[in-house]
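Participant: Dropping in work_37.cif, which is mmCIF, C-alpha atoms; chains and numbers go by the auth columns:
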```
data_final
loop_
_atom_site.group_PDB
_atom_site.id
_atom_site.type_symbol
_atom_site.label_atom_id
_atom_site.label_comp_id
_atom_site.label_asym_id
_atom_site.label_seq_id
_atom_site.Cartn_x
_atom_site.Cartn_y
_atom_site.Cartn_z
_atom_site.B_iso_or_equiv
_atom_site.auth_seq_id
_atom_site.auth_asym_id
ATOM 1 C CA MET A 1 -30.138 26.710 2.255 0.00 1404 I
ATOM 2 C CA LYS A 2 -30.481 23.185 0.960 0.00 1405 I
ATOM 3 C CA THR A 3 -27.973 23.994 -1.755 0.00 1406 I
ATOM 4 C CA VAL A 4 -25.476 25.223 0.820 0.00 1407 I
ATOM 5 C CA HIS A 5 -25.834 21.976 2.704 0.00 1408 I
ATOM 6 C CA ARG A 6 -25.234 20.042 -0.452 0.00 1409 I
ATOM 7 C CA ILE A 7 -22.125 22.023 -1.278 0.00 1410 I
ATOM 8 C CA VAL A 8 -20.746 21.444 2.222 0.00 1411 I
ATOM 9 C CA LEU A 9 -21.424 17.724 1.864 0.00 1412 I
ATOM 10 C CA LEU A 10 -19.658 17.712 -1.503 0.00 1413 I
ATOM 11 C CA CYS A 11 -16.617 19.441 -0.052 0.00 1414 I
ATOM 12 C CA LEU A 12 -16.478 16.839 2.709 0.00 1415 I
ATOM 13 C CA LEU A 13 -16.744 14.014 0.187 0.00 1416 I
ATOM 14 C CA TYR A 14 -13.999 15.554 -1.911 0.00 1417 I
ATOM 15 C CA ALA A 15 -11.748 16.047 1.116 0.00 1418 I
ATOM 16 C CA GLY A 16 -12.368 12.415 2.050 0.00 1419 I
ATOM 17 C CA ALA A 17 -11.389 11.280 -1.417 0.00 1420 I
ATOM 18 C CA VAL A 18 -8.208 13.362 -1.355 0.00 1421 I
ATOM 19 C CA TRP A 19 -7.292 12.018 2.077 0.00 1422 I
ATOM 20 C CA ALA A 20 -7.951 8.458 0.971 0.00 1423 I
ATOM 21 C CA GLN A 21 -5.490 8.968 -1.866 0.00 1424 I
ATOM 22 C CA GLY A 22 -2.731 9.947 0.530 0.00 1425 I
ATOM 23 C CA ASN A 23 -2.989 6.748 2.544 0.00 1426 I
ATOM 24 C CA LEU A 24 -3.559 3.119 1.761 0.00 1427 I
ATOM 25 C CA GLU A 25 -5.641 1.038 4.141 0.00 1428 I
ATOM 26 C CA ILE A 26 -3.324 -1.349 5.997 0.00 1429 I
ATOM 27 C CA ASN A 27 -5.183 -1.704 9.274 0.00 1430 I
ATOM 28 C CA THR A 28 -7.424 -4.666 8.519 0.00 1431 I
ATOM 29 C CA PRO A 29 -7.346 -7.774 10.728 0.00 1432 I
ATOM 30 C CA ALA A 30 -5.941 -9.895 7.885 0.00 1433 I
ATOM 31 C CA ILE A 31 -3.086 -7.477 7.186 0.00 1434 I
ATOM 32 C CA SER A 32 -2.260 -7.065 10.890 0.00 1435 I
ATOM 33 C CA GLN A 33 -2.167 -10.819 11.348 0.00 1436 I
ATOM 34 C CA LEU A 34 0.234 -11.294 8.412 0.00 1437 I
ATOM 35 C CA ARG A 35 2.432 -8.444 9.617 0.00 1438 I
ATOM 36 C CA ASP A 36 2.617 -9.860 13.145 0.00 1439 I
ATOM 37 C CA ALA A 37 3.453 -13.347 11.865 0.00 1440 I
ATOM 38 C CA MET A 38 6.250 -11.902 9.712 0.00 1441 I
ATOM 39 C CA GLN A 39 7.547 -9.849 12.625 0.00 1442 I
ATOM 40 C CA ALA A 40 7.709 -12.947 14.846 0.00 1443 I
ATOM 41 C CA ARG A 41 9.466 -14.941 12.105 0.00 1444 I
ATOM 42 C CA HIS A 42 12.028 -12.209 11.480 0.00 1445 I
ATOM 43 C CA ALA A 43 13.942 -13.049 14.650 0.00 1446 I
ATOM 44 C CA GLN A 44 14.669 -16.483 13.180 0.00 1447 I
ATOM 45 C CA LEU A 45 15.431 -15.186 9.687 0.00 1448 I
ATOM 46 C CA ALA A 46 17.691 -12.262 10.611 0.00 1449 I
ATOM 47 C CA PRO A 47 20.876 -14.303 11.307 0.00 1450 I
ATOM 48 C CA HIS A 48 20.510 -15.985 7.928 0.00 1451 I
ATOM 49 C CA TYR A 49 20.241 -12.673 6.090 0.00 1452 I
ATOM 50 C CA ALA A 50 23.436 -11.606 7.841 0.00 1453 I
ATOM 51 C CA SER A 51 25.245 -14.848 6.981 0.00 1454 I
ATOM 52 C CA GLY A 52 24.292 -14.510 3.319 0.00 1455 I
ATOM 53 C CA ALA A 53 22.251 -17.709 3.283 0.00 1456 I
ATOM 54 C CA LEU A 54 19.093 -15.735 2.549 0.00 1457 I
ATOM 55 C CA GLY A 55 18.626 -12.829 0.215 0.00 1458 I
ATOM 56 C CA LEU A 56 15.867 -10.396 -0.751 0.00 1459 I
ATOM 57 C CA THR A 57 14.553 -10.991 -4.246 0.00 1460 I
ATOM 58 C CA ALA A 58 13.489 -8.448 -6.837 0.00 1461 I
ATOM 59 C CA ASP A 59 9.903 -9.737 -6.691 0.00 1462 I
ATOM 60 C CA GLY A 60 9.300 -8.915 -3.036 0.00 1463 I
ATOM 61 C CA ARG A 61 10.127 -12.353 -1.641 0.00 1464 I
ATOM 62 C CA ILE A 62 13.100 -13.976 0.060 0.00 1465 I
ATOM 63 C CA ALA A 63 15.211 -16.845 -1.253 0.00 1466 I
ATOM 64 C CA LEU A 64 17.703 -19.369 0.043 0.00 1467 I
ATOM 65 C CA ARG A 65 20.612 -18.220 -2.115 0.00 1468 I
ATOM 66 C CA ASP A 66 23.370 -20.278 -0.460 0.00 1469 I
ATOM 67 C CA ALA A 67 22.228 -23.326 1.493 0.00 1470 I
ATOM 68 C CA ASN A 68 25.848 -24.329 2.261 0.00 1471 I
ATOM 69 C CA VAL A 69 26.142 -21.448 4.725 0.00 1472 I
ATOM 70 C CA VAL A 70 23.405 -22.999 6.878 0.00 1473 I
ATOM 71 C CA PRO A 71 24.464 -25.872 9.169 0.00 1474 I
ATOM 72 C CA LEU A 72 23.037 -29.110 7.833 0.00 1475 I
ATOM 73 C CA ALA A 73 20.853 -29.655 10.890 0.00 1476 I
ATOM 74 C CA GLN A 74 19.098 -26.317 10.376 0.00 1477 I
ATOM 75 C CA ARG A 75 18.723 -26.447 6.616 0.00 1478 I
ATOM 76 C CA GLN A 76 15.263 -27.938 6.549 0.00 1479 I
ATOM 77 C CA THR A 77 13.990 -25.529 9.187 0.00 1480 I
ATOM 78 C CA VAL A 78 15.292 -22.564 7.207 0.00 1481 I
ATOM 79 C CA GLN A 79 13.694 -23.868 4.028 0.00 1482 I
ATOM 80 C CA GLY A 80 10.392 -24.151 5.873 0.00 1483 I
ATOM 81 C CA LEU A 81 10.733 -20.597 7.201 0.00 1484 I
ATOM 82 C CA VAL A 82 11.435 -19.279 3.698 0.00 1485 I
ATOM 83 C CA ALA A 83 8.315 -21.008 2.342 0.00 1486 I
ATOM 84 C CA GLN A 84 6.178 -19.620 5.181 0.00 1487 I
ATOM 85 C CA GLU A 85 7.604 -16.122 4.777 0.00 1488 I
ATOM 86 C CA ASN A 86 6.969 -16.104 1.042 0.00 1489 I
ATOM 87 C CA GLY A 87 3.432 -17.361 1.572 0.00 1490 I
ATOM 88 C CA ASP A 88 2.785 -14.519 4.008 0.00 1491 I
ATOM 89 C CA ARG A 89 4.393 -11.941 1.734 0.00 1492 I
ATOM 90 C CA ASP A 90 2.261 -13.016 -1.237 0.00 1493 I
ATOM 91 C CA ALA A 91 -0.846 -12.906 0.961 0.00 1494 I
ATOM 92 C CA LEU A 92 0.155 -9.486 2.314 0.00 1495 I
ATOM 93 C CA TYR A 93 0.417 -7.909 -1.151 0.00 1496 I
ATOM 94 C CA ARG A 94 -2.891 -9.490 -2.167 0.00 1497 I
ATOM 95 C CA GLU A 95 -4.633 -8.370 1.032 0.00 1498 I
ATOM 96 C CA ILE A 96 -3.445 -4.761 0.757 0.00 1499 I
ATOM 97 C CA ALA A 97 -4.720 -4.580 -2.828 0.00 1500 I
ATOM 98 C CA ARG A 98 -8.048 -6.096 -1.769 0.00 1501 I
ATOM 99 C CA ALA A 99 -8.440 -3.948 1.343 0.00 1502 I
ATOM 100 C CA ASN A 100 -8.175 -0.887 -0.880 0.00 1503 I
ATOM 101 C CA GLY A 101 -10.774 -2.136 -3.329 0.00 1504 I
ATOM 102 C CA HIS A 102 -8.300 -2.689 -6.165 0.00 1505 I
ATOM 103 C CA PRO A 103 -7.207 -6.343 -6.440 0.00 1506 I
ATOM 104 C CA GLU A 104 -5.488 -5.396 -9.707 0.00 1507 I
ATOM 105 C CA TRP A 105 -2.970 -3.303 -7.742 0.00 1508 I
ATOM 106 C CA GLU A 106 -1.368 -6.469 -6.333 0.00 1509 I
ATOM 107 C CA ALA A 107 1.568 -6.484 -8.773 0.00 1510 I
ATOM 108 C CA ASP A 108 2.232 -2.766 -8.211 0.00 1511 I
ATOM 109 C CA ILE A 109 2.117 -3.246 -4.448 0.00 1512 I
ATOM 110 C CA ARG A 110 4.490 -6.189 -4.727 0.00 1513 I
ATOM 111 C CA SER A 111 7.035 -4.186 -6.726 0.00 1514 I
ATOM 112 C CA THR A 112 6.737 -1.218 -4.347 0.00 1515 I
ATOM 113 C CA PHE A 113 7.429 -3.555 -1.425 0.00 1516 I
ATOM 114 C CA ALA A 114 10.305 -5.223 -3.293 0.00 1517 I
ATOM 115 C CA GLN A 115 12.009 -1.850 -3.735 0.00 1518 I
ATOM 116 C CA ARG A 116 11.449 -0.868 -0.117 0.00 1519 I
ATOM 117 C CA TRP A 117 12.599 -4.194 1.365 0.00 1520 I
ATOM 118 C CA ILE A 118 15.787 -3.932 -0.700 0.00 1521 I
ATOM 119 C CA GLY A 119 16.249 -0.212 -0.118 0.00 1522 I
ATOM 120 C CA ARG A 120 15.967 -0.611 3.638 0.00 1523 I
ATOM 121 C CA ALA A 121 17.914 -3.856 4.023 0.00 1524 I
ATOM 122 C CA GLN A 122 20.867 -3.741 6.404 0.00 1525 I
ATOM 123 C CA SER A 123 24.335 -3.514 4.951 0.00 1526 I
ATOM 124 C CA GLY A 124 25.846 -6.945 4.492 0.00 1527 I
ATOM 125 C CA TRP A 125 22.535 -8.471 3.372 0.00 1528 I
ATOM 126 C CA TYR A 126 22.202 -9.911 -0.103 0.00 1529 I
ATOM 127 C CA VAL A 127 19.719 -8.333 -2.495 0.00 1530 I
ATOM 128 C CA GLN A 128 18.730 -9.272 -6.008 0.00 1531 I
ATOM 129 C CA SER A 129 18.528 -6.926 -8.970 0.00 1532 I
ATOM 130 C CA GLY A 130 18.333 -7.897 -12.596 0.00 1533 I
ATOM 131 C CA GLY A 131 18.732 -11.572 -11.685 0.00 1534 I
ATOM 132 C CA GLN A 132 22.079 -10.914 -9.963 0.00 1535 I
ATOM 133 C CA TRP A 133 22.807 -11.119 -6.245 0.00 1536 I
ATOM 134 C CA SER A 134 24.809 -8.334 -4.708 0.00 1537 I
ATOM 135 C CA ARG A 135 25.825 -7.543 -1.176 0.00 1538 I
ATOM 136 C CA LYS A 136 24.675 -4.253 0.270 0.00 1539 I
ATOM 137 C CA MET B 1 -52.901 37.968 -10.873 0.00 995 L
ATOM 138 C CA ASN B 2 -52.272 35.726 -13.817 0.00 996 L
ATOM 139 C CA ARG B 3 -48.933 37.389 -14.528 0.00 997 L
ATOM 140 C CA LEU B 4 -47.834 36.965 -10.928 0.00 998 L
ATOM 141 C CA HIS B 5 -48.701 33.302 -11.111 0.00 999 L
ATOM 142 C CA THR B 6 -46.566 32.852 -14.257 0.00 1000 L
ATOM 143 C CA HIS B 7 -43.703 34.664 -12.571 0.00 1001 L
ATOM 144 C CA THR B 8 -43.791 32.290 -9.578 0.00 1002 L
ATOM 145 C CA ALA B 9 -43.849 29.297 -11.870 0.00 1003 L
ATOM 146 C CA LEU B 10 -40.852 30.664 -13.764 0.00 1004 L
ATOM 147 C CA THR B 11 -38.919 31.241 -10.540 0.00 1005 L
ATOM 148 C CA ARG B 12 -39.675 27.727 -9.420 0.00 1006 L
ATOM 149 C CA ARG B 13 -38.466 26.383 -12.744 0.00 1007 L
ATOM 150 C CA ALA B 14 -35.271 28.410 -12.501 0.00 1008 L
ATOM 151 C CA HIS B 15 -34.741 27.088 -8.994 0.00 1009 L
ATOM 152 C CA LYS B 16 -35.209 23.520 -10.183 0.00 1010 L
ATOM 153 C CA CYS B 17 -32.706 24.191 -12.961 0.00 1011 L
ATOM 154 C CA GLY B 18 -30.157 25.384 -10.389 0.00 1012 L
ATOM 155 C CA GLN B 19 -30.672 22.289 -8.304 0.00 1013 L
ATOM 156 C CA MET B 20 -30.117 20.132 -11.323 0.00 1014 L
ATOM 157 C CA THR B 21 -26.900 21.958 -12.106 0.00 1015 L
ATOM 158 C CA VAL B 22 -25.658 21.322 -8.573 0.00 1016 L
ATOM 159 C CA ALA B 23 -26.591 17.653 -8.847 0.00 1017 L
ATOM 160 C CA LEU B 24 -24.785 17.385 -12.179 0.00 1018 L
ATOM 161 C CA ALA B 25 -21.716 19.104 -10.755 0.00 1019 L
ATOM 162 C CA ALA B 26 -21.769 16.657 -7.852 0.00 1020 L
ATOM 163 C CA ALA B 27 -21.943 13.717 -10.232 0.00 1021 L
ATOM 164 C CA ALA B 28 -19.066 15.113 -12.304 0.00 1022 L
ATOM 165 C CA LEU B 29 -16.935 15.705 -9.228 0.00 1023 L
ATOM 166 C CA LEU B 30 -17.541 12.212 -7.881 0.00 1024 L
ATOM 167 C CA ALA B 31 -16.823 10.684 -11.280 0.00 1025 L
ATOM 168 C CA GLY B 32 -13.592 12.675 -11.300 0.00 1026 L
ATOM 169 C CA CYS B 33 -12.599 11.273 -7.920 0.00 1027 L
ATOM 170 C CA VAL B 34 -13.298 7.732 -9.031 0.00 1028 L
ATOM 171 C CA THR B 35 -11.295 8.266 -12.211 0.00 1029 L
ATOM 172 C CA ILE B 36 -8.308 9.613 -10.272 0.00 1030 L
ATOM 173 C CA ASN B 37 -8.445 6.717 -7.858 0.00 1031 L
ATOM 174 C CA ILE B 38 -8.060 4.112 -10.607 0.00 1032 L
ATOM 175 C CA TYR B 39 -4.394 5.044 -10.992 0.00 1033 L
ATOM 176 C CA PHE B 40 -2.034 3.281 -8.627 0.00 1034 L
ATOM 177 C CA PRO B 41 -1.117 5.664 -5.784 0.00 1035 L
ATOM 178 C CA ALA B 42 2.634 4.997 -5.783 0.00 1036 L
ATOM 179 C CA ALA B 43 3.526 7.447 -3.009 0.00 1037 L
ATOM 180 C CA ALA B 44 0.808 6.108 -0.705 0.00 1038 L
ATOM 181 C CA ALA B 45 1.930 2.551 -1.409 0.00 1039 L
ATOM 182 C CA GLU B 46 5.517 3.438 -0.518 0.00 1040 L
ATOM 183 C CA LYS B 47 4.354 4.957 2.761 0.00 1041 L
ATOM 184 C CA ALA B 48 2.281 1.869 3.533 0.00 1042 L
ATOM 185 C CA ALA B 49 5.217 -0.413 2.679 0.00 1043 L
ATOM 186 C CA ASP B 50 7.548 1.561 4.932 0.00 1044 L
ATOM 187 C CA ARG B 51 5.100 1.373 7.824 0.00 1045 L
ATOM 188 C CA ILE B 52 4.803 -2.398 7.513 0.00 1046 L
ATOM 189 C CA ILE B 53 8.573 -2.861 7.060 0.00 1047 L
ATOM 190 C CA ASP B 54 9.160 -0.745 10.185 0.00 1048 L
ATOM 191 C CA GLU B 55 6.997 -3.186 12.118 0.00 1049 L
ATOM 192 C CA VAL B 56 8.315 -6.411 10.628 0.00 1050 L
ATOM 193 C CA TRP B 57 11.978 -5.454 10.913 0.00 1051 L
ATOM 194 C CA GLN B 58 11.476 -3.463 14.148 0.00 1052 L
ATOM 195 C CA LEU B 59 13.020 -0.307 12.716 0.00 1053 L
ATOM 196 C CA LYS B 60 10.727 2.128 14.535 0.00 1054 L
ATOM 197 C CA ASN B 61 13.533 3.628 16.639 0.00 1055 L
ATOM 198 C CA GLY B 62 14.870 5.257 13.451 0.00 1056 L
ATOM 199 C CA SER B 63 18.364 3.799 13.729 0.00 1057 L
ATOM 200 C CA GLN B 64 17.984 2.410 10.233 0.00 1058 L
ATOM 201 C CA THR B 65 17.871 5.131 7.617 0.00 1059 L
ATOM 202 C CA PRO B 66 16.390 4.500 4.192 0.00 1060 L
ATOM 203 C CA ALA B 67 19.274 3.488 2.013 0.00 1061 L
ATOM 204 C CA THR B 68 20.097 4.720 -1.464 0.00 1062 L
ATOM 205 C CA PRO B 69 17.973 3.348 -4.298 0.00 1063 L
ATOM 206 C CA GLU B 70 18.780 -0.152 -5.454 0.00 1064 L
ATOM 207 C CA GLY B 71 21.605 -0.547 -7.926 0.00 1065 L
ATOM 208 C CA LYS B 72 23.815 2.061 -6.273 0.00 1066 L
ATOM 209 C CA GLN B 73 26.407 -0.115 -4.664 0.00 1067 L
ATOM 210 C CA PRO B 74 29.465 1.348 -2.969 0.00 1068 L
#
```
Show the structure stored in the file as structure tokens.
Facilitator:
Amino acid sequence: MKTVHRIVLLCLLYAGAVWAQGNLEINTPAISQLRDAMQARHAQLAPHYASGALGLTADGRIALRDANVVPLAQRQTVQGLVAQENGDRDALYREIARANGHPEWEADIRSTFAQRWIGRAQSGWYVQSGGQWSRK
Amino acid sequence: MNRLHTHTALTRRAHKCGQMTVALAAAALLAGCVTINIYFPAAAAEKAADRIIDEVWQLKNGSQTPATPEGKQP
């Protein structure tokens, strides 16, 4: 009887492990906070993606690719937003790797995000690949 | 009487052996899980990325479809 119990427990453990492989943990307070901050900032960034001032880089960040498109009065604000966004993005990739017990996954998570940001960008936005900017 | 006693002892030993086998199997299975989990789960990461991008870019209504892979420009 004891053996049966043990086998049941093992099956549960195994099922848990399989399930854990299908999903990454992204519901920690740190990750939620970063995500919410990025969501709030997006409203300010979106017009600059559309104008071509900002672009999505191949390393999962954003960059000011053409400052001349931004009115002079706003330039400093936009630069500040870009720095904040990149800080949050770096922290996000690091936090996801840490929350899943594998800090060494950070680079893989970053490149996965980079592909998805670029893949899902709206048409008209600038994206970087192989060091070159192109318009989607 | 003596023979019966030996028999019981043998059964107990066999039982212990079975338990050990189960314990070993458990250890092997768990080790297997840990080994598998060392590899980066690319599909799970993509799903996680998409969920976060949905939130950040407010794409949850599904109006934005995943575009073609990068590099394929029209």
Participant: What do you get, as number ranges by chain, if you spell out every residue that the PyMOL selection byres ((chain I) within 7 of (chain L)) selects here?
Facilitator: I: 1413, 1420, 1424-1427, 1429, 1438, 1441-1442, 1445, 1508, 1512, 1515-1516, 1519, 1521-1523, 1539
Participant: Report the residues retrieved by the PyMOL selection byres ((chain I and resi 1448) around 12) from the displayed file, expressed as a ChimeraX atom specification.
Facilitator: /I:1441-1447,1449-1459,1465-1467,1473,1477,1480-1488,1528 /L:1050-1051
Participant: Can I get the selected residues back with C-alpha atoms, as an mmCIF file, keeping the file's coordinate frame?
Facilitator:
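And here is the file that came out, part33.cif:
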```cif
data_model
loop_
_atom_site.group_PDB
_atom_site.id
_atom_site.type_symbol
_atom_site.label_atom_id
_atom_site.label_comp_id
_atom_site.auth_asym_id
_atom_site.auth_seq_id
_atom_site.Cartn_x
_atom_site.Cartn_y
_atom_site.Cartn_z
ATOM 1 C CA MET I 1441 6.250 -11.902 9.712
ATOM 2 C CA GLN I 1442 7.547 -9.849 12.625
ATOM 3 C CA ALA I 1443 7.709 -12.947 14.846
ATOM 4 C CA ARG I 1444 9.466 -14.941 12.105
ATOM 5 C CA HIS I 1445 12.028 -12.209 11.480
ATOM 6 C CA ALA I 1446 13.942 -13.049 14.650
ATOM 7 C CA GLN I 1447 14.669 -16.483 13.180
ATOM 8 C CA ALA I 1449 17.691 -12.262 10.611
ATOM 9 C CA PRO I 1450 20.876 -14.303 11.307
ATOM 10 C CA HIS I 1451 20.510 -15.985 7.928
ATOM 11 C CA TYR I 1452 20.241 -12.673 6.090
ATOM 12 C CA ALA I 1453 23.436 -11.606 7.841
ATOM 13 C CA SER I 1454 25.245 -14.848 6.981
ATOM 14 C CA GLY I 1455 24.292 -14.510 3.319
ATOM 15 C CA ALA I 1456 22.251 -17.709 3.283
ATOM 16 C CA LEU I 1457 19.093 -15.735 2.549
ATOM 17 C CA GLY I 1458 18.626 -12.829 0.215
ATOM 18 C CA LEU I 1459 15.867 -10.396 -0.751
ATOM 19 C CA ILE I 1465 13.100 -13.976 0.060
ATOM 20 C CA ALA I 1466 15.211 -16.845 -1.253
ATOM 21 C CA LEU I 1467 17.703 -19.369 0.043
ATOM 22 C CA VAL I 1473 23.405 -22.999 6.878
ATOM 23 C CA GLN I 1477 19.098 -26.317 10.376
ATOM 24 C CA THR I 1480 13.990 -25.529 9.187
ATOM 25 C CA VAL I 1481 15.292 -22.564 7.207
ATOM 26 C CA GLN I 1482 13.694 -23.868 4.028
ATOM 27 C CA GLY I 1483 10.392 -24.151 5.873
ATOM 28 C CA LEU I 1484 10.733 -20.597 7.201
ATOM 29 C CA VAL I 1485 11.435 -19.279 3.698
ATOM 30 C CA ALA I 1486 8.315 -21.008 2.342
ATOM 31 C CA GLN I 1487 6.178 -19.620 5.181
ATOM 32 C CA GLU I 1488 7.604 -16.122 4.777
ATOM 33 C CA TRP I 1528 22.535 -8.471 3.372
ATOM 34 C CA VAL L 1050 8.315 -6.411 10.628
ATOM 35 C CA TRP L 1051 11.978 -5.454 10.913
#
```
Participant: Could you check how far CA of Gln1518 (chain I) sits from CA of Gly1463 (chain I), in Å to one decimal?
Facilitator: 7.6 Å
Participant: Just give me the gap between CA of Gly1504 (chain I) and CA of Pro1432 (chain I) in Å, one decimal is fine.
Facilitator: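 Calculated distance between CA of Gly1504 (chain I) and CA of Pro1432 (chain I) is 15.5 Å.
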Participant: Take CA of Ala1433 (chain I) and CA of Gln1531 (chain I) and report the distance between them in Å, one decimal.
Facilitator: 28.3 Å
Participant: Residues near Glu1507 (chain I), anyone? I mean within 12 Å using only C-alpha atoms, not counting same-chain ones fewer than 4 positions away, as a PDB file with C-alpha atoms, in the coordinates of the input.
Facilitator:
```pdb
ATOM      1  CA  TYR I1496       0.417  -7.909  -1.151  1.00  0.00           C
ATOM      2  CA  ARG I1497      -2.891  -9.490  -2.167  1.00  0.00           C
ATOM      3  CA  GLU I1498      -4.633  -8.370   1.032  1.00  0.00           C
ATOM      4  CA  ILE I1499      -3.445  -4.761   0.757  1.00  0.00           C
ATOM      5  CA  ALA I1500      -4.720  -4.580  -2.828  1.00  0.00           C
ATOM      6  CA  ARG I1501      -8.048  -6.096  -1.769  1.00  0.00           C
ATOM      7  CA  ALA I1502      -8.440  -3.948   1.343  1.00  0.00           C
ATOM      8  CA  ASN I1503      -8.175  -0.887  -0.880  1.00  0.00           C
ATOM      9  CA  ASP I1511       2.232  -2.766  -8.211  1.00  0.00           C
ATOM     10  CA  ILE I1512       2.117  -3.246  -4.448  1.00  0.00           C
ATOM     11  CA  ARG I1513       4.490  -6.189  -4.727  1.00  0.00           C
TER      12      ARG I1513
ATOM     13  CA  ILE L1032      -8.060   4.112 -10.607  1.00  0.00           C
ATOM     14  CA  TYR L1033      -4.394   5.044 -10.992  1.00  0.00           C
ATOM     15  CA  PHE L1034      -2.034   3.281  -8.627  1.00  0.00           C
TER      16      PHE L1034
END
```
Participant: Would you mind telling me which residue in I:Ala1524, I:Leu1437, I:Ala1476, I:Ser1532 lies nearest to Asn1489 (chain I) when using all atoms listed in the file?
Facilitator: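 Between I:Ala1524, I:Leu1437, I:Ala1476, I:Ser1532, the residue approaching Asn1489 (chain I) most closely is I:Leu1437.
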Participant: Looking at I:Arg1464, I:Ala1510, I:Gly1534, I:His1505, which one is nearest to Gly1490 (chain I), with distances taken over only C-alpha atoms?
Facilitator: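 Between I:Arg1464, I:Ala1510, I:Gly1534, I:His1505, the residue approaching Gly1490 (chain I) most closely is I:Arg1464.
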